[in-house]
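Trainee: Submitted below is the structure of interest, expressed as structure tokens.
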Amino acid sequence: MTPLTPFDLRCEHLAEARGLNTSVPRFGWALAGDGQDRRQTAYRIVVAFADGDRVLWDSGKVASGETQLIAYSGPPLPSDAALAWTVTVWDEADRPSGPAAPALLFTGIKHEEWQAQWIARYFVLPAGREVPADTIYDNRWQARPADYLRRSFELAERPVRATLYVTALGLYEAYLNGERVGADVMAPGWTDYHRRVEYQVHDVTALVRDGGNVLGAILGEGWYSGRVGHNQRRAGNHYGGRPALLCELRLHYADGRVETVASDADWQTRQGPICYSDFLMGEQYDARLELDGWATSPGELPGWQPVEVFVPDPAAPLVEAARVQPAREVAVLPARFLRLARSGAAIFDLQQNIAGYVRLAVTAASGDRFVIRHAEMLDADGELYVANLRHAVATDIFIAAGRGRETFKPRFTFHGFRYVEVTLPPGRTPDSVTLEGIAIQTDTPVTGEIETGSALVNRLVSNIFWSQRDNFLSVPTDCPQRDERYGWTADAQVFWKTAAYTMDCAAFLTKWMLDIADGQSPDGAFPDVAPTKPLNPYRLTPQPGAPGWGDAPIIMAWQHWLAYADRELLETYYPAFERWMEHIARANPDFVRRNAVYNNYGDWLSIGPASDRALVATAYWHHIADLMERIAGVLGRRADAARHAQLARCIREAFAQAFIGPDGRLSGDTQTAYLLALDFGLLAPEHRQAAAQRLVALIREAGGHLQTGFLGVRHLCPVLTDIGRPDLAVDLLLKDTYPSWGFSIRHGATTIWERWDGWTPERGFQSANMNSFNHYAYGSVGEWIWSRIAGIDTDPAAPGYRGILMRPLFEERLGHVRARYRSHRGDIESVWTFQGKDDVVWTVRIPPGCTARIGLPRGWRRVDGDATHEAPALASGHHQLHLRRS
Ligand code: BGC
């Protein structure tokens, strides 16, 4: 056996923490090792300055098996430092690993340490510059050119280290001496800008030179002042009327001197080739207006005007370090020419619905205009179907300068699309352009891979993956294409467990929980979308607090605990959770949640009979009371745990009184009613059996089909499995008749549809008022594929995958399953293959320091070495099990 290997180093859940909001950052790593029953017995963390080997903290050898969330305990961390940290681990035989490849860690600067000032273009347009009339699509939205800002400065010598701290109210791209700084897109991301904005940190040492330098930025509108959402009267300028920049370049010299070049009144601004850029409208770029040398030529340039030092209104936001990975370009997809549209424009197909934009490469004459439209679907005539984009125009326009080969991709907009239509200048053919689709997302590391013997299931897994990718842009959004793109909380909570299999969501949720908490109303109601803007009289959505939506933070914080064993969210937001619980209790003194106070969407977008909204709401109330009991337990708040347990009891009794009829049926008698009642533990044993039978009967009555909406769907397959009907769960999974997941796949879906009937052969498209083809909520079946088909699940008794619950369903119709999940502790694998009708070989890999509890499907037993009916717990390492159906 070789020593253990630490890898996948993380600080505050990030491979590279770029700025800290805490003085005690927490470190963690994964382990790999050969053989069985491996474990760490000690670790040593060393934090040093990145540009030398001066050590800041050496933990020394600490006897411990812990690999996660170990708090820094060295001397106070200096601001504006670039650090590198590493870890050495010792195994069960006290063999050291050797230090892991170091991870970078920037400490950042605190809010009060910023010297920079917010700067922006003066509100008045410079004389002679008019916004071109054709860029104004409707009178509620004003096209505004993007602002270019620059500052040139002289350096007598090169610094040994240069770090750029930068953010914007709006969006920015930063440039130093002509080079784009970093590869982030849509920075700084979305927060409630009236409260806080996150900054980014970039090491720009290699870009600075002695002599003349130019620091510049381009500003876009984004979530700050551009259009987001569907309230057309207030669709733009959500947080302010014009974008602003805040940046600070810190130059460190060999003799210890630090010089700062910050955004201030010495900067200048001008407008250039970006005629306008907006999430919903798109971007127009006129290459003839390019500002040559703006980012490369030091000294004064003609036509530039002073900036205004800008005091954000109504309050300057807190400037904080980014808590989450940046958004980046994550995939490039070739566009295939499909056909000519009626108009003569060329239609291309990416063969995958993405969120992002295209890169267009052309050789054209000056003034040649290329109009690029985007759509998720084609209509019956093969034309772009854009009605479901509602007010989103989603059109980019490139006007060539006529300088040889030119490429265009927009900077401050994105679209949700699979099809691209390019209107070419007269006389050009489709093969004269090169087109690629570029997918963007917050760069949450991919952690899960799963492959089965069913092409349909593989496609479903891929559709789930892409809907997550396409909607994880700074915050988890509902959809990337239409005039919405909000962080809807119920969509996210039903999907969260699935999401955390597919990608590492620890940092992503840590950031978003703050957005949600920022949006909590004074009366305790959590928002239905986050970020929102409670300081403003107009929230982004009219009302907060819907059952299943407002409940989301408690549910997601609990899943975060199960997946990552991180108490932070539970601890930090516990008081906010309590305020939410009180909000519900105040309005519903008899323990039936009839009064949702503001809003009740029920089992949103279900088909067939509608569920009783009060029943769904009360079931959810019980669920979060139950979770609050567990959360209080984790936090050691015994009295609170008892109080929440008592609340849950009262809700159960009231639920039985209010919703269970004399015949044992639930009011409304819908699939979702039984699913929630069963999964949330609302029923006494005598009612459980009847409910299970009724659920099965309802599915049969629906021709073997589901009828659930956003809130019910997640529970379908898990509950059917729990009540002993995994066969029915697999039936639903493999169905391809309407309505089912397979139905959308049979009709070409490459992402998860918002509605089961988004398109049907009989009726064509559903109402364009609300018909996204990229909403992940129905993808919540993913958690069951992972936890029960592959059999990799969290164990509440040992969260963070220290304990792993392995309960696969060997299902002949799938043939085999190969699943690998990169947990924070290391790689977990589950691979099973049918060998004949009644035999399965199952191989399992468990990371060092972890154990798995095994649960075999009913009727299966082990027939290898330790043949027993119930397989034993498995220690870390690689195991092969032979199983037979009796
Ligand atoms: C959004 C949903 C959201 C719902 C709430 C829709 O417009 O797209 O995803 O959860 O509103 O009613």
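Scheme for the structure tokens: letters A, B, ... for chains in order shown; per-chain residue numbers from 1; ligand numbers from 1 in order shown.
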Excluding Gly661 of chain A and its own-chain neighbours fewer than 5 positions away, which residues fall within 12 Å of it when counting only C-alpha atoms? Please give them as a VMD selection string.

Mentor: chain A and resid 655 to 656 666 to 669 687 690 to 691

Trainee: Write out as a PyMOL selection string all residues of segment 357-572 of chain A that backbone DSSP assigns to strand (DSSP E or B).

Mentor: chain A and resi 357-363+369-375+377-378+384-385+395-399+405-408+415-423+433-442+446+448-452+472-473+475-476+488+503+529

Trainee: Skipping near chain neighbours, those fewer than 6 positions away, what residues fall within 9 Å of segment 163-172 of chain A using only C-alpha atoms, listed as a PyMOL selection string?

Mentor: chain A and resi 80+82+108-109+118+181+185-190+193+197-205+217-226+239-240+242-252+312+319+411-412

Trainee: Using only C-alpha atoms, which residue out of A:Met628, A:Pro872, A:Arg825, A:Ala490 lies closest to Pro6 of chain A?

Mentor: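 That would be A:Arg825, the residue with the smallest distance to Pro6 of chain A.
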
Trainee: Residues within 6 Å of ligand 1, counting only C-alpha atoms and all ligand atoms: report them as a PyMOL selection string.

Mentor: chain A and resi 478+488+490-491+601

Trainee: Extract, using only C-alpha atoms, all DNA, RNA and protein residues at most 9 Å from Glu829 of chain A, discarding same-chain residues fewer than 3 positions from it, and format them as a ChimeraX atom specification.

Mentor: /A:790,792,818-822,843-846,878

Trainee: Store the residues picked out above in a file with C-alpha atoms, as a compact mmCIF listing (two decimals), in the first residue's frame.

Mentor:
```txt
# COMPACT_ATOMS: atom_id res chain seq x y z
CA ALA A 790 -26.98 4.13 -8.56
CA ILE A 792 -25.13 6.73 -3.62
CA ARG A 818 -21.85 3.35 -13.78
CA ALA A 819 -21.84 6.24 -11.33
CA ARG A 820 -19.03 8.30 -9.90
CA TYR A 821 -19.49 11.11 -7.43
CA ARG A 822 -16.66 13.31 -6.25
CA THR A 843 -18.44 -2.81 -7.53
CA VAL A 844 -18.16 -0.02 -5.04
CA ARG A 845 -15.46 2.48 -4.16
CA ILE A 846 -15.45 4.30 -0.86
CA HIS A 878 -12.70 -1.04 -3.55
```

Trainee: Which of these residues is nearest to Asp566 of chain A, using only C-alpha atoms: A:Gly28, A:Pro553, A:Gly636, A:Gly416?

Mentor: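 Between A:Gly28, A:Pro553, A:Gly636, A:Gly416, the residue approaching Asp566 of chain A most closely is A:Gly28.
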
Trainee: Just want the 10 Å neighbourhood of Arg482 of chain A, counted on only C-alpha atoms, with same-chain residues fewer than 4 positions away dropped. Output as a PyMOL selection string.

Mentor: chain A and resi 228-230+279-280+375+386-394+415-416+478+769-772

Trainee: Take the residues just selected and output them with N, CA and C atoms as a compact mmCIF listing (two decimals), in the first residue's frame.

Mentor:
```txt
# COMPACT_ATOMS: atom_id res chain seq x y z
N VAL A 228 -34.33 42.96 -16.35
CA VAL A 228 -34.45 41.62 -15.78
C VAL A 228 -35.91 41.46 -15.40
N GLY A 229 -36.48 40.31 -15.65
CA GLY A 229 -37.82 40.05 -15.14
C GLY A 229 -38.93 40.47 -16.08
N HIS A 230 -40.16 40.22 -15.62
CA HIS A 230 -41.29 40.34 -16.53
C HIS A 230 -42.20 41.51 -16.25
N PHE A 279 -29.41 42.16 -21.03
CA PHE A 279 -29.72 40.72 -20.97
C PHE A 279 -30.89 40.35 -21.88
N LEU A 280 -31.94 41.16 -21.83
CA LEU A 280 -33.14 40.75 -22.56
C LEU A 280 -33.12 41.22 -24.01
N ALA A 375 -33.24 31.22 -30.49
CA ALA A 375 -34.49 30.56 -30.08
C ALA A 375 -34.19 29.16 -29.57
N VAL A 386 -40.03 32.23 -31.30
CA VAL A 386 -39.56 33.19 -30.29
C VAL A 386 -40.70 33.73 -29.41
N ALA A 387 -41.93 33.25 -29.66
CA ALA A 387 -43.06 33.78 -28.87
C ALA A 387 -42.84 33.53 -27.38
N ASN A 388 -42.20 32.41 -27.02
CA ASN A 388 -42.05 32.09 -25.59
C ASN A 388 -40.96 32.94 -24.92
N LEU A 389 -40.27 33.75 -25.69
CA LEU A 389 -39.28 34.65 -25.06
C LEU A 389 -39.97 35.87 -24.45
N ARG A 390 -41.26 35.98 -24.74
CA ARG A 390 -42.07 37.12 -24.25
C ARG A 390 -41.38 38.43 -24.66
N HIS A 391 -41.03 39.28 -23.70
CA HIS A 391 -40.45 40.57 -24.10
C HIS A 391 -38.96 40.51 -24.40
N ALA A 392 -38.36 39.36 -24.23
CA ALA A 392 -36.92 39.29 -24.53
C ALA A 392 -36.72 39.32 -26.04
N VAL A 393 -35.97 40.27 -26.51
CA VAL A 393 -35.73 40.41 -27.95
C VAL A 393 -34.62 39.46 -28.39
N ALA A 394 -33.65 39.24 -27.49
CA ALA A 394 -32.61 38.24 -27.70
C ALA A 394 -31.97 38.31 -29.08
N HIS A 415 -28.23 34.61 -23.83
CA HIS A 415 -29.52 34.13 -24.31
C HIS A 415 -29.66 32.65 -23.97
N GLY A 416 -30.92 32.18 -23.95
CA GLY A 416 -31.15 30.75 -23.81
C GLY A 416 -31.58 30.23 -25.16
N ASP A 478 -34.70 30.51 -12.86
CA ASP A 478 -35.74 29.60 -13.35
C ASP A 478 -35.47 29.21 -14.80
N ASN A 769 -47.28 32.46 -23.12
CA ASN A 769 -47.15 33.28 -21.92
C ASN A 769 -46.18 32.70 -20.92
N MET A 770 -46.07 31.37 -20.95
CA MET A 770 -45.17 30.75 -19.98
C MET A 770 -44.80 29.37 -20.49
N ASN A 771 -43.76 29.30 -21.26
CA ASN A 771 -43.43 28.01 -21.88
C ASN A 771 -41.94 27.93 -22.16
N SER A 772 -41.21 27.76 -21.06
CA SER A 772 -39.76 27.65 -21.19
C SER A 772 -39.39 26.20 -21.49
```

Trainee: Using the chain letters and numbers from this document, which residues of segment 297-536 of chain A does DSSP assign to helix (DSSP H, G or I), as an MDAnalysis selection string?

Mentor: chainID A and resid 387:389 430:432 455:471 489:502 506:518

Trainee: Would you list the contacts of segment 286-303 of chain A as a ChimeraX atom specification, taking every protein, DNA or RNA residue within 10 Å and counting only C-alpha atoms, but skipping same-chain residues closer than 5 positions in sequence?

Mentor: /A:126,148-154,174-180,211-217,268-276,366-369,397-403,406-408

Trainee: Near Ala552 of chain A, counting only C-alpha atoms, which residues have an atom at most 8 Å away, once you skip same-chain residues fewer than 6 positions from it, shown as a count of residues only?

Mentor: 4

Trainee: Return the single residue from A:Asp663, A:Arg586, A:Trp786, A:Ala673 that is closest to Ala614 of chain A, with distances computed using only C-alpha atoms.

Mentor: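 Of the candidates, the smallest distance to Ala614 of chain A is held by A:Ala673.
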
Trainee: Which residue, A:Arg763, A:Arg121, A:His824, A:Arg700, has the smallest gap to Pro306 of chain A when you use only C-alpha atoms?

Mentor: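 The closest residue to Pro306 of chain A is A:Arg121.
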
Trainee: Taking only C-alpha atoms into account, name the residue in A:Gly548, A:Gly836, A:Pro102, A:Gly282 that is nearest to Arg593 of chain A.

Mentor: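 Of the candidates, the smallest distance to Arg593 of chain A is held by A:Gly548.
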
Trainee: In Å to one decimal, how far is atom CA of Lys110 of chain A from atom CA of Arg44 of chain A?

Mentor: 28.4 Å

Trainee: Of the candidates A:Gly602, A:Gly356, A:Pro317, A:Pro848, which one gets nearest to Leu615 of chain A if we count only C-alpha atoms?

Mentor: A:Gly602

Trainee: Counting only C-alpha atoms, which residues of segment 365-420 of chain A fall within 9 Å of segment 435-454 of chain A, and what is the closest atom pair for each with its distance in Å at one decimal, ordered by chain and rising number, as JSON lines?

Mentor:
```
{"residue": "A:Phe414", "atom": "CA", "partner": "A:Ile440", "partner_atom": "CA", "distance": 8.4}
{"residue": "A:Arg418", "atom": "CA", "partner": "A:Gly437", "partner_atom": "CA", "distance": 8.5}
{"residue": "A:Val420", "atom": "CA", "partner": "A:Gly437", "partner_atom": "CA", "distance": 8.9}
```

Trainee: Selection from above, N, CA and C atoms, as a CSV table (one decimal), in the first residue's frame, can you write it?

Mentor:
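Wrote again-v6.csv, looks like this:
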```csv
chain,number,residue,atom,x,y,z
A,414,PHE,N,-26.7,37.6,-22.5
A,414,PHE,CA,-26.7,36.1,-22.8
A,414,PHE,C,-28.1,35.7,-23.2
A,418,ARG,N,-31.0,27.2,-28.7
A,418,ARG,CA,-30.3,26.1,-29.4
A,418,ARG,C,-30.2,26.5,-30.9
A,420,VAL,N,-29.9,29.4,-34.0
A,420,VAL,CA,-29.4,30.7,-34.2
A,420,VAL,C,-29.8,31.1,-35.6
```

Trainee: So what do you get for atom CA of Ile516 of chain A versus atom CA of Pro718 of chain A, distance-wise?

Mentor: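 Atom-to-atom, atom CA of Ile516 of chain A to atom CA of Pro718 of chain A, that is 28.1 Å.
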